[in-house]
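Before any comments, here is the structure.
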Amino acid sequence: MTTTDYILQLEDISKFFGPVIALNGVTLRLKRGEVHCLLGDNGAGKSTLIKTLAGVHAPEKGQYLVDGKPVRFKSPREALDAGIATVYQDLALVPLMSVARNFFMGREPRRKLFGVLPVMDHELAGRTAMERLAEMGIRVRDADQMVGNMSGGEKQCLAIARAIHFGARVLILDEPTAALGVKQSGNVLRLVSRARDRGISVIFITHNVNHAYPVADTFTLLNRGQSMGSYAKADISKEAVLDMMAGGAEMKKVMEDLEGVTI
């Protein structure tokens with residue numbers, strides 16, 4: 001497989017914070033139109049990897065490639081301009097603002113009042129937000145309703161739909177099902193599948209294998225800043241992933257059984 005088959009690659013990436021080794025020789029490759037789950041417990045290095053992908057941190061070693069070409073983002077804005085959108089756990093939503101205002105925050109459509117004064121086009125913003133959410137399977141009563149009145153799952157879907165509307169080719173989702181109930185988690189996972197169906201590549205960061213396994217095409221497992229390998233779903237069972245996550249007694253045997261099938 002050539003580099004052009006991947007939309008995004010981290011090759012042998014390392015990141016240090018003084019004497020602390022946050023990432024050590026990590027490789028992650030994301031194919032076009034796939035869901036790649038990044039798994040690891042607290043302290044595994046997931047947050048540092050997310051921020052490296054999002055342009056917050058520049059790696060000390062290794063290469064970051066987009067569409068097969070090396071990049072070195074100086075800010076999250078540069079990553080966003082390249083179509084790499086990150087949806088963090090805090091979602092960057094304002095509870096006391098409407099759905100429409102949150103959807104377009106900082107990028108509001110404009111119209112001319114009295115033919116001169118530029119103001120936000122509330123009608124266009126509301127209609128667009130409702131349509132884009134509906135495309136993702138989310139129905140809201142009114143685009144003017146406060147985001148604070150939405151469920152946790154609806155807020156996640158709003159943040160994801162916003163990223164897709166503004167041109168995301170790669171979605172990086174930071175623990176999108178954390179603190180959600182079973183039904184809300186199911187809605188978010190369905191939205192991840194819909195994004196893939198639209199040709200969008202997704203990196204799904206989680207420590208919950210039960211949420212990751214149904215939607216993932218591939219997996220990368222992190223442990224203390226190091227990669228334990230990347231695997232296609234066809235080559236690894238959910239039980240094997242759980243064993244590797246837990247660092248159980250069977251982990252060595254699992255790794256030996258999987259030797260040669262790393263993607």
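Identifiers for the structure tokens are assigned positionally: chains receive A, B, ... in sequence, residues are indexed from 1 per chain, and ligands are indexed from 1 in the order shown.
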Check which residues of region 144-238 of chain A sit at most 7 Å from region 66-85 of chain A using only C-alpha atoms, and return one row each with the closest pair of atoms and their distance in Å to one decimal, ordered by chain and rising number, as JSON lines.
{"residue": "A:Ala163", "atom": "CA", "partner": "A:Ala85", "partner_atom": "CA", "distance": 6.3}
{"residue": "A:Gly167", "atom": "CA", "partner": "A:Gly83", "partner_atom": "CA", "distance": 6.0}
{"residue": "A:Ala168", "atom": "CA", "partner": "A:Gly83", "partner_atom": "CA", "distance": 4.4}
{"residue": "A:Arg169", "atom": "CA", "partner": "A:Gly83", "partner_atom": "CA", "distance": 4.9}
{"residue": "A:Val170", "atom": "CA", "partner": "A:Ile84", "partner_atom": "CA", "distance": 4.8}
{"residue": "A:Leu171", "atom": "CA", "partner": "A:Ala85", "partner_atom": "CA", "distance": 5.2}
{"residue": "A:Ile172", "atom": "CA", "partner": "A:Ala85", "partner_atom": "CA", "distance": 6.1}
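With only C-alpha atoms taken into account, the protein and nucleic acid residues at most 7 Å from Gln63 (chain A) (excluding it and anything under 5 positions from it in its own chain) are Leu10, Glu11, Asp12, Ile13 and Pro70 of chain A.
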Written file, previous selection with N, CA, C and O atoms, as a PDB file, in the first residue's frame:
ATOM      1  N   LEU A  10       0.986   9.453  10.684  1.00  0.00           N
ATOM      2  CA  LEU A  10       2.046   9.787  11.623  1.00  0.00           C
ATOM      3  C   LEU A  10       3.062   8.659  11.524  1.00  0.00           C
ATOM      4  O   LEU A  10       2.708   7.494  11.721  1.00  0.00           O
ATOM      5  N   GLU A  11       4.291   8.998  11.214  1.00  0.00           N
ATOM      6  CA  GLU A  11       5.328   7.989  11.032  1.00  0.00           C
ATOM      7  C   GLU A  11       6.418   8.157  12.082  1.00  0.00           C
ATOM      8  O   GLU A  11       7.168   9.138  12.057  1.00  0.00           O
ATOM      9  N   ASP A  12       6.474   7.203  13.026  1.00  0.00           N
ATOM     10  CA  ASP A  12       7.531   7.152  14.040  1.00  0.00           C
ATOM     11  C   ASP A  12       7.636   8.465  14.818  1.00  0.00           C
ATOM     12  O   ASP A  12       8.719   9.013  15.021  1.00  0.00           O
ATOM     13  N   ILE A  13       6.471   8.960  15.274  1.00  0.00           N
ATOM     14  CA  ILE A  13       6.383  10.254  15.944  1.00  0.00           C
ATOM     15  C   ILE A  13       6.811  10.139  17.415  1.00  0.00           C
ATOM     16  O   ILE A  13       6.429   9.212  18.117  1.00  0.00           O
ATOM     17  N   PRO A  70       4.557  15.630   3.476  1.00  0.00           N
ATOM     18  CA  PRO A  70       4.917  16.065   4.833  1.00  0.00           C
ATOM     19  C   PRO A  70       4.337  17.441   5.157  1.00  0.00           C
ATOM     20  O   PRO A  70       4.320  18.337   4.305  1.00  0.00           O
TER      21      PRO A  70
END
Might you pull out every residue within 10 Å of Asn210 (chain A), with only C-alpha atoms counted and same-chain residues fewer than 2 positions away left off, and present them as a VMD selection string?
chain A and resid 206 to 208 212 to 215 238 to 239 241 to 242
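Minimum distance to Val99 (chain A) across A:Asp174, A:Glu123, A:Asp142, A:Asp5 (counting only C-alpha atoms) occurs at A:Asp142.
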Out of region 5-212 of chain A, which residues get helix (DSSP H, G or I) from DSSP, as a PyMOL selection string?
chain A and resi 5+46-53+76-81+99-103+122-135+147-149+152-165+182-197+209-212
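CA of Asp90 (chain A) to CA of Arg110 (chain A) spans 27.6 Å [interatomic distance, one decimal].
CA of Ala125 (chain A) sits 7.5 Å away from CA of Arg101 (chain A).
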Identify, with DSSP run on backbone atoms, the residues in region 129-233 of chain A assigned to strand (DSSP E), and express the list as a ChimeraX atom specification.
/A:170-174,201-206,218-223,226-232
So that I can check the surroundings of Asp121 (chain A), please list as an NGL selection string every protein, DNA and RNA residue that reaches within 8 Å of it, counting only C-alpha atoms and ignoring chain neighbours fewer than 6 positions away.
:A and (108-111)
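Minimum atom-to-atom distances from A:Met136, A:Ala58, A:Ala100, A:Met245 to Asn187 (chain A) were compared using only C-alpha atoms, and the lowest value belongs to A:Met136.
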Identify which of the residues A:Ser237, A:Thr48, A:Thr86, A:Thr218 lies closest to Gln156 (chain A), counting only C-alpha atoms when measuring atom-to-atom distances.
A:Thr86
Gly199 (chain A) environment, 10 Å, only C-alpha atoms, sequence neighbours closer than 3 positions dropped, as a VMD selection string:
chain A and resid 32 to 34 169 to 170 194 to 196 202
Applying 12 Å and only C-alpha atoms, which residues near region 181-185 of chain A remain after dropping the ones on its own chain fewer than 5 positions away? List them as JSON, numbers by chain.
{"A": [138, 150, 151, 152, 153, 154, 155, 156, 157, 175, 176, 190, 191, 192, 208, 210, 211, 212, 214, 215]}
CA of Arg162 (chain A) and CA of Leu133 (chain A), how far apart in Å?
8.5 Å
Calculated over only C-alpha atoms, which of the candidates A:Ala234, A:Asp41, A:Gly229, A:Lys112 has the smallest distance to Asp217 (chain A)?
A:Ala234
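You can rank A:Thr27, A:Thr128, A:Ser98, A:Thr177 by their closest distance to Ser14 (chain A) using only C-alpha atoms, and at the top of that list sits A:Thr27.
With only C-alpha atoms as the basis for measurement, A:Lys61 is the residue among A:Arg132, A:Arg127, A:His36, A:Lys61 that approaches Leu23 (chain A) most closely.
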